[in-house]
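Inspection log for the structure reproduced underneath, given as structure tokens.
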Amino acid sequence: MNCKTVQSKLSAHTDGELSRSEAARVEAHLEGCTECADAYGRLRDLSDRLRALPGMEVPPGFAADVRRAAEENRRAAPGRTLRLFGRRVDALRPVLARAAAGLLAVAGLALGLALGRSAARPGEMPGESVRQQADYAVELEYLSASPPGSVTETYLAFLGEANGG
Amino acid sequence: MLSDEQLMSRAAEGDMDAFERIVERHQQRALNIAFRFLGRDDRAEDVAQEAFLKILDNAPNYRPSAKFTTYLYTVVWRLCIDRYRRREPDVLDAHPDRPSDAEGPVETALEAEERARVRRALDGLPARQRMAVVLKYFEELSYREIARVMDCTENAVDSLLSRARRALRDALQEAE
């Protein structure tokens, strides 16, 4: 390996990303080349300085506080109540929820069939990456913690069944 | 011992003990990432708490297509970048020297100065480079795992880290 090749691999080598054989070749070069060894040394020095930066101690009771916040959120907003024609959906639940769910089911089926054509592994929503799930979690507001019997809950349950969930 | 996926499944059904267990298991990780990215423990605490609440809200939709930690990192990263984009002044400025609880009772002036210098250099990085550094140097993720969290290629991770290292070296040399 020449110096140019080795220096291009030094970052990856510092990060432990090279294969065993490649790492061995880089190490062999470093043993005989002061310039590359110095460059590698500077990278290691930087790594050491970064790693010396302390983390954060867990505040006492953090997990309990998070749990309490979650429980308070659920008590404060047990479901995101839809308003239709100015009235709360749960007040009209027996009739309106089923009618609306039926209409949404038809629309949802059409959409689900269109989306579901892309290949998906069992248990995974079509085309969904970790980032998509995380984006969804971060943006999820309106549809969380739906009350039983709500339009939202019915629609989400339908979606879950359509996707094999 | 229940796996993260089993705990998430229980949390999705309303088991708050399972949820709290998830938080206890991963709180240090979430706090550290947020703290190292944002540079302030109060903001890190807010982000970490918000991340767990979001994860709980999404629990019914959670599909373990990757390790739970990858999912957690991704949620924390997304929330950190939201904070960064809001341009809260302390994220960008050289933040005040606040002794970290992680330090022992005695810290020399030189150590404190070095810590502040490195912190300022890290704060000077663009968001994506900064997060790549946090995930690599502090969480010790592979390029592949970082690529998954940050939704980019491994080559992009390599490039982010190379640029970050150059910028950090320049910033540290300038400060010395």
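A note on labels: chains of the structure tokens are A, B, ... as shown, every chain counts residues from 1, and ligands are counted from 1 in their shown order.
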Can you build me a table of chain B residues sitting at most 7 Å from chain A, with the closest atom pair per residue and its distance in Å to one decimal, using only C-alpha atoms, sorted by chain and residue number, as JSON lines?
```
{"residue": "B:Glu20", "atom": "CA", "partner": "A:Arg67", "partner_atom": "CA", "distance": 5.9}
{"residue": "B:Val23", "atom": "CA", "partner": "A:Ala63", "partner_atom": "CA", "distance": 5.6}
{"residue": "B:Glu24", "atom": "CA", "partner": "A:Ala63", "partner_atom": "CA", "distance": 5.6}
{"residue": "B:Gln28", "atom": "CA", "partner": "A:Val58", "partner_atom": "CA", "distance": 6.0}
{"residue": "B:Leu31", "atom": "CA", "partner": "A:Met56", "partner_atom": "CA", "distance": 6.6}
{"residue": "B:Asn32", "atom": "CA", "partner": "A:Gly55", "partner_atom": "CA", "distance": 5.3}
{"residue": "B:Phe35", "atom": "CA", "partner": "A:Met56", "partner_atom": "CA", "distance": 6.5}
{"residue": "B:Arg36", "atom": "CA", "partner": "A:Gly55", "partner_atom": "CA", "distance": 6.7}
{"residue": "B:Asp41", "atom": "CA", "partner": "A:Met56", "partner_atom": "CA", "distance": 6.8}
{"residue": "B:Gln49", "atom": "CA", "partner": "A:Val66", "partner_atom": "CA", "distance": 5.9}
{"residue": "B:Leu53", "atom": "CA", "partner": "A:Ala70", "partner_atom": "CA", "distance": 6.2}
{"residue": "B:Lys54", "atom": "CA", "partner": "A:Ala137", "partner_atom": "CA", "distance": 5.5}
{"residue": "B:Ile55", "atom": "CA", "partner": "A:Ala137", "partner_atom": "CA", "distance": 6.1}
{"residue": "B:Asp57", "atom": "CA", "partner": "A:Ser144", "partner_atom": "CA", "distance": 5.7}
{"residue": "B:Asn58", "atom": "CA", "partner": "A:Ala137", "partner_atom": "CA", "distance": 5.2}
{"residue": "B:Arg63", "atom": "CA", "partner": "A:Glu124", "partner_atom": "CA", "distance": 6.0}
{"residue": "B:Ser65", "atom": "CA", "partner": "A:Glu124", "partner_atom": "CA", "distance": 6.6}
{"residue": "B:Ala66", "atom": "CA", "partner": "A:Val130", "partner_atom": "CA", "distance": 6.7}
{"residue": "B:Tyr71", "atom": "CA", "partner": "A:Val130", "partner_atom": "CA", "distance": 6.0}
{"residue": "B:Thr74", "atom": "CA", "partner": "A:Ala134", "partner_atom": "CA", "distance": 6.0}
{"residue": "B:Val75", "atom": "CA", "partner": "A:Ala134", "partner_atom": "CA", "distance": 5.0}
{"residue": "B:Ser100", "atom": "CA", "partner": "A:Met56", "partner_atom": "CA", "distance": 6.8}
{"residue": "B:Asp101", "atom": "CA", "partner": "A:Glu57", "partner_atom": "CA", "distance": 6.0}
{"residue": "B:Ala102", "atom": "CA", "partner": "A:Glu57", "partner_atom": "CA", "distance": 5.8}
{"residue": "B:Arg115", "atom": "CA", "partner": "A:Leu53", "partner_atom": "CA", "distance": 6.1}
{"residue": "B:Val118", "atom": "CA", "partner": "A:Leu50", "partner_atom": "CA", "distance": 6.8}
{"residue": "B:Tyr137", "atom": "CA", "partner": "A:Arg51", "partner_atom": "CA", "distance": 6.3}
{"residue": "B:Phe138", "atom": "CA", "partner": "A:Arg51", "partner_atom": "CA", "distance": 6.4}
{"residue": "B:Val149", "atom": "CA", "partner": "A:Arg131", "partner_atom": "CA", "distance": 6.6}
{"residue": "B:Asp151", "atom": "CA", "partner": "A:Arg131", "partner_atom": "CA", "distance": 6.4}
{"residue": "B:Ser162", "atom": "CA", "partner": "A:Ser11", "partner_atom": "CA", "distance": 6.9}
```
Set the distance at 12 Å and use only C-alpha atoms: which residues neighbour Val26 (chain A) once local chain neighbours fewer than 3 positions away are removed? I'd like the list as a VMD selection string. chain A and resid 1 to 14 16 18 to 23 29 to 33 36 to 37 40
If you keep N, CA and C atoms, can you produce a file of those selected residues as a PDB file, in the first residue's frame?
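As a result, out00.pdb now contains:
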```pdb
ATOM      1  N   MET A   1       0.858  -1.216   0.000  1.00  0.00           N
ATOM      2  CA  MET A   1       0.000   0.000   0.000  1.00  0.00           C
ATOM      3  C   MET A   1       0.879   1.245   0.000  1.00  0.00           C
ATOM      4  N   ASN A   2       0.509   2.227  -0.829  1.00  0.00           N
ATOM      5  CA  ASN A   2       1.294   3.463  -0.817  1.00  0.00           C
ATOM      6  C   ASN A   2       0.677   4.444   0.173  1.00  0.00           C
ATOM      7  N   CYS A   3       1.390   5.550   0.399  1.00  0.00           N
ATOM      8  CA  CYS A   3       0.942   6.508   1.419  1.00  0.00           C
ATOM      9  C   CYS A   3      -0.429   7.087   1.100  1.00  0.00           C
ATOM     10  N   LYS A   4      -0.650   7.371  -0.178  1.00  0.00           N
ATOM     11  CA  LYS A   4      -1.919   7.985  -0.552  1.00  0.00           C
ATOM     12  C   LYS A   4      -3.087   7.053  -0.205  1.00  0.00           C
ATOM     13  N   THR A   5      -2.912   5.786  -0.525  1.00  0.00           N
ATOM     14  CA  THR A   5      -3.968   4.801  -0.228  1.00  0.00           C
ATOM     15  C   THR A   5      -4.155   4.660   1.278  1.00  0.00           C
ATOM     16  N   VAL A   6      -3.053   4.562   1.988  1.00  0.00           N
ATOM     17  CA  VAL A   6      -3.148   4.387   3.444  1.00  0.00           C
ATOM     18  C   VAL A   6      -3.830   5.581   4.084  1.00  0.00           C
ATOM     19  N   GLN A   7      -3.425   6.778   3.692  1.00  0.00           N
ATOM     20  CA  GLN A   7      -4.002   7.976   4.320  1.00  0.00           C
ATOM     21  C   GLN A   7      -5.493   8.089   4.036  1.00  0.00           C
ATOM     22  N   SER A   8      -5.910   7.571   2.891  1.00  0.00           N
ATOM     23  CA  SER A   8      -7.340   7.598   2.585  1.00  0.00           C
ATOM     24  C   SER A   8      -8.109   6.612   3.463  1.00  0.00           C
ATOM     25  N   LYS A   9      -7.383   5.672   4.042  1.00  0.00           N
ATOM     26  CA  LYS A   9      -8.053   4.644   4.864  1.00  0.00           C
ATOM     27  C   LYS A   9      -7.861   4.870   6.362  1.00  0.00           C
ATOM     28  N   LEU A  10      -7.107   5.900   6.711  1.00  0.00           N
ATOM     29  CA  LEU A  10      -6.779   6.079   8.132  1.00  0.00           C
ATOM     30  C   LEU A  10      -8.004   6.365   8.980  1.00  0.00           C
ATOM     31  N   SER A  11      -8.926   7.172   8.461  1.00  0.00           N
ATOM     32  CA  SER A  11     -10.133   7.477   9.234  1.00  0.00           C
ATOM     33  C   SER A  11     -10.922   6.198   9.517  1.00  0.00           C
ATOM     34  N   ALA A  12     -11.128   5.439   8.459  1.00  0.00           N
ATOM     35  CA  ALA A  12     -11.877   4.191   8.626  1.00  0.00           C
ATOM     36  C   ALA A  12     -11.128   3.239   9.558  1.00  0.00           C
ATOM     37  N   HIS A  13      -9.815   3.255   9.470  1.00  0.00           N
ATOM     38  CA  HIS A  13      -9.004   2.386  10.336  1.00  0.00           C
ATOM     39  C   HIS A  13      -9.151   2.826  11.800  1.00  0.00           C
ATOM     40  N   THR A  14      -9.123   4.124  12.030  1.00  0.00           N
ATOM     41  CA  THR A  14      -9.309   4.650  13.395  1.00  0.00           C
ATOM     42  C   THR A  14     -10.677   4.235  13.935  1.00  0.00           C
ATOM     43  N   GLY A  16     -12.279   1.578  13.189  1.00  0.00           N
ATOM     44  CA  GLY A  16     -12.470   0.133  13.231  1.00  0.00           C
ATOM     45  C   GLY A  16     -13.341  -0.401  12.106  1.00  0.00           C
ATOM     46  N   LEU A  18     -12.275  -1.111   8.892  1.00  0.00           N
ATOM     47  CA  LEU A  18     -11.601  -1.905   7.865  1.00  0.00           C
ATOM     48  C   LEU A  18     -11.713  -3.396   8.175  1.00  0.00           C
ATOM     49  N   SER A  19     -11.628  -4.192   7.112  1.00  0.00           N
ATOM     50  CA  SER A  19     -11.571  -5.642   7.311  1.00  0.00           C
ATOM     51  C   SER A  19     -10.248  -5.977   8.001  1.00  0.00           C
ATOM     52  N   ARG A  20     -10.203  -7.173   8.543  1.00  0.00           N
ATOM     53  CA  ARG A  20      -8.999  -7.576   9.286  1.00  0.00           C
ATOM     54  C   ARG A  20      -7.762  -7.525   8.400  1.00  0.00           C
ATOM     55  N   SER A  21      -7.911  -7.997   7.176  1.00  0.00           N
ATOM     56  CA  SER A  21      -6.737  -8.062   6.284  1.00  0.00           C
ATOM     57  C   SER A  21      -6.293  -6.663   5.871  1.00  0.00           C
ATOM     58  N   GLU A  22      -7.287  -5.806   5.625  1.00  0.00           N
ATOM     59  CA  GLU A  22      -6.957  -4.444   5.224  1.00  0.00           C
ATOM     60  C   GLU A  22      -6.303  -3.688   6.385  1.00  0.00           C
ATOM     61  N   ALA A  23      -6.834  -3.889   7.571  1.00  0.00           N
ATOM     62  CA  ALA A  23      -6.273  -3.250   8.764  1.00  0.00           C
ATOM     63  C   ALA A  23      -4.830  -3.696   8.975  1.00  0.00           C
ATOM     64  N   HIS A  29       2.088  -0.826   7.014  1.00  0.00           N
ATOM     65  CA  HIS A  29       2.603   0.396   6.394  1.00  0.00           C
ATOM     66  C   HIS A  29       2.992   1.415   7.455  1.00  0.00           C
ATOM     67  N   LEU A  30       2.145   1.547   8.477  1.00  0.00           N
ATOM     68  CA  LEU A  30       2.384   2.540   9.527  1.00  0.00           C
ATOM     69  C   LEU A  30       3.691   2.266  10.262  1.00  0.00           C
ATOM     70  N   GLU A  31       4.016   0.987  10.384  1.00  0.00           N
ATOM     71  CA  GLU A  31       5.252   0.623  11.101  1.00  0.00           C
ATOM     72  C   GLU A  31       6.486   1.162  10.392  1.00  0.00           C
ATOM     73  N   GLY A  32       6.357   1.316   9.071  1.00  0.00           N
ATOM     74  CA  GLY A  32       7.538   1.731   8.321  1.00  0.00           C
ATOM     75  C   GLY A  32       7.449   3.137   7.754  1.00  0.00           C
ATOM     76  N   CYS A  33       6.379   3.883   8.068  1.00  0.00           N
ATOM     77  CA  CYS A  33       6.208   5.214   7.474  1.00  0.00           C
ATOM     78  C   CYS A  33       5.895   6.234   8.547  1.00  0.00           C
ATOM     79  N   CYS A  36       2.800   8.787   7.694  1.00  0.00           N
ATOM     80  CA  CYS A  36       1.468   8.190   7.883  1.00  0.00           C
ATOM     81  C   CYS A  36       1.211   7.865   9.348  1.00  0.00           C
ATOM     82  N   ALA A  37       2.256   7.432  10.033  1.00  0.00           N
ATOM     83  CA  ALA A  37       2.103   7.125  11.459  1.00  0.00           C
ATOM     84  C   ALA A  37       1.749   8.392  12.227  1.00  0.00           C
ATOM     85  N   TYR A  40      -1.871   9.202  11.571  1.00  0.00           N
ATOM     86  CA  TYR A  40      -2.704   8.282  12.353  1.00  0.00           C
ATOM     87  C   TYR A  40      -2.707   8.692  13.819  1.00  0.00           C
TER      88      TYR A  40
END
```
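Taking CA of Ile33 (chain B) and CA of Val47 (chain B) as endpoints, the distance between them is 9.8 Å.
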Would you please extract all helix (DSSP H, G or I) residues from chain B, as assigned by DSSP on the backbone, and give them as a compact mmCIF listing (two decimals) with C-alpha atoms, in the first residue's frame?
```txt
# COMPACT_ATOMS: atom_id res chain seq x y z
CA ASP B 4 -37.03 -4.42 24.30
CA GLU B 5 -39.52 -5.68 21.70
CA GLN B 6 -41.50 -7.58 24.33
CA LEU B 7 -41.56 -4.53 26.59
CA MET B 8 -42.70 -2.34 23.69
CA SER B 9 -45.46 -4.80 22.90
CA ARG B 10 -46.65 -4.64 26.51
CA ALA B 11 -46.35 -0.86 26.61
CA ALA B 12 -48.50 -0.72 23.48
CA MET B 16 -46.87 1.40 32.12
CA ASP B 17 -44.49 -0.77 34.15
CA ALA B 18 -43.14 -2.10 30.86
CA PHE B 19 -42.82 1.45 29.56
CA GLU B 20 -40.95 2.56 32.66
CA ARG B 21 -38.66 -0.44 32.28
CA ILE B 22 -37.85 0.65 28.71
CA VAL B 23 -37.03 4.14 29.96
CA GLU B 24 -34.81 2.83 32.77
CA ARG B 25 -32.97 0.59 30.37
CA HIS B 26 -32.27 3.29 27.79
CA GLN B 27 -32.38 6.60 29.66
CA GLN B 28 -28.60 6.96 29.94
CA ARG B 29 -28.18 6.40 26.24
CA ALA B 30 -30.89 8.89 25.26
CA LEU B 31 -29.64 11.55 27.67
CA ASN B 32 -26.02 11.16 26.59
CA ILE B 33 -26.75 11.51 22.89
CA ALA B 34 -28.92 14.55 23.43
CA PHE B 35 -26.44 16.10 25.89
CA ARG B 36 -23.44 15.56 23.65
CA PHE B 37 -25.28 17.00 20.68
CA LEU B 38 -27.01 19.94 22.40
CA ASP B 41 -28.24 19.02 30.34
CA ASP B 42 -31.62 20.78 30.71
CA ARG B 43 -32.26 20.61 26.97
CA ALA B 44 -30.99 17.06 26.84
CA GLU B 45 -33.43 16.08 29.58
CA ASP B 46 -36.32 17.68 27.66
CA VAL B 47 -35.38 15.91 24.44
CA ALA B 48 -34.88 12.55 26.11
CA GLN B 49 -38.22 12.76 27.90
CA GLU B 50 -39.97 13.83 24.71
CA ALA B 51 -38.34 10.94 22.83
CA PHE B 52 -39.70 8.37 25.27
CA LEU B 53 -43.17 9.93 25.24
CA LYS B 54 -43.19 9.86 21.44
CA ILE B 55 -42.04 6.25 21.48
CA LEU B 56 -44.86 5.35 23.85
CA ASP B 57 -47.42 7.16 21.68
CA ALA B 59 -45.91 1.89 20.51
CA PRO B 60 -49.05 0.42 18.90
CA ASN B 61 -47.47 1.04 15.48
CA PHE B 68 -34.83 -0.93 19.41
CA THR B 69 -31.72 1.14 20.12
CA THR B 70 -31.50 2.09 16.43
CA TYR B 71 -35.10 3.27 16.63
CA LEU B 72 -34.39 5.19 19.85
CA TYR B 73 -31.32 6.85 18.36
CA THR B 74 -33.33 7.87 15.31
CA VAL B 75 -36.13 9.44 17.38
CA VAL B 76 -33.60 11.30 19.57
CA TRP B 77 -31.69 12.45 16.50
CA ARG B 78 -34.88 13.79 14.89
CA LEU B 79 -35.78 15.71 18.05
CA CYS B 80 -32.24 17.08 18.37
CA ILE B 81 -32.28 18.34 14.80
CA ASP B 82 -35.63 20.04 15.50
CA ARG B 83 -34.01 21.89 18.39
CA TYR B 84 -31.00 22.76 16.28
CA ARG B 85 -33.18 24.20 13.54
CA PRO B 89 -28.95 30.41 21.17
CA ASP B 90 -27.19 28.07 23.56
CA VAL B 91 -26.95 25.36 20.93
CA LEU B 92 -24.74 27.51 18.75
CA ALA B 109 -8.50 24.21 35.65
CA LEU B 110 -6.65 22.68 32.70
CA GLU B 111 -9.14 19.82 32.44
CA ALA B 112 -12.05 22.24 32.57
CA GLU B 113 -10.45 24.41 29.91
CA GLU B 114 -9.84 21.41 27.66
CA ARG B 115 -13.41 20.23 28.14
CA ALA B 116 -14.76 23.66 27.23
CA ARG B 117 -12.48 23.85 24.20
CA VAL B 118 -13.57 20.47 22.85
CA ARG B 119 -17.20 21.32 23.60
CA ARG B 120 -16.95 24.57 21.64
CA ALA B 121 -15.30 22.79 18.73
CA LEU B 122 -18.11 20.22 18.71
CA ASP B 123 -20.77 22.94 18.93
CA ALA B 127 -25.76 19.28 12.76
CA ARG B 128 -25.19 16.18 10.65
CA GLN B 129 -21.45 16.15 11.23
CA ARG B 130 -22.02 16.68 14.95
CA MET B 131 -24.47 13.82 15.24
CA ALA B 132 -22.19 11.52 13.22
CA VAL B 133 -19.40 12.32 15.69
CA VAL B 134 -21.67 11.70 18.69
CA LEU B 135 -22.87 8.37 17.34
CA LYS B 136 -19.38 7.23 16.36
CA TYR B 137 -17.18 8.44 19.17
CA PHE B 138 -19.55 8.24 22.10
CA TYR B 143 -20.83 3.23 9.94
CA ARG B 144 -23.64 0.90 8.94
CA GLU B 145 -25.61 1.61 12.11
CA ILE B 146 -25.02 5.34 11.85
CA ALA B 147 -26.18 5.24 8.24
CA ARG B 148 -29.38 3.57 9.35
CA VAL B 149 -30.04 6.12 12.11
CA MET B 150 -29.26 9.10 9.90
CA GLU B 154 -22.08 4.42 4.72
CA ASN B 155 -20.00 6.48 2.32
CA ALA B 156 -21.92 9.55 3.45
CA VAL B 157 -21.13 8.68 7.08
CA ASP B 158 -17.45 8.33 6.20
CA SER B 159 -17.57 11.70 4.49
CA LEU B 160 -19.38 13.36 7.41
CA LEU B 161 -16.82 12.04 9.87
CA SER B 162 -13.86 13.02 7.70
CA ARG B 163 -15.14 16.57 7.37
CA ALA B 164 -15.99 16.70 11.05
CA ARG B 165 -12.51 15.59 12.05
CA ARG B 166 -10.89 18.22 9.82
CA ALA B 167 -13.13 20.93 11.25
CA LEU B 168 -12.53 19.78 14.84
CA ARG B 169 -8.76 19.69 14.37
CA ASP B 170 -8.79 23.20 12.87
CA ALA B 171 -11.00 24.53 15.66
CA LEU B 172 -8.88 22.96 18.38
CA GLN B 173 -5.63 24.20 16.85
CA GLU B 174 -7.05 27.69 16.60
CA ALA B 175 -8.13 27.60 20.22
```
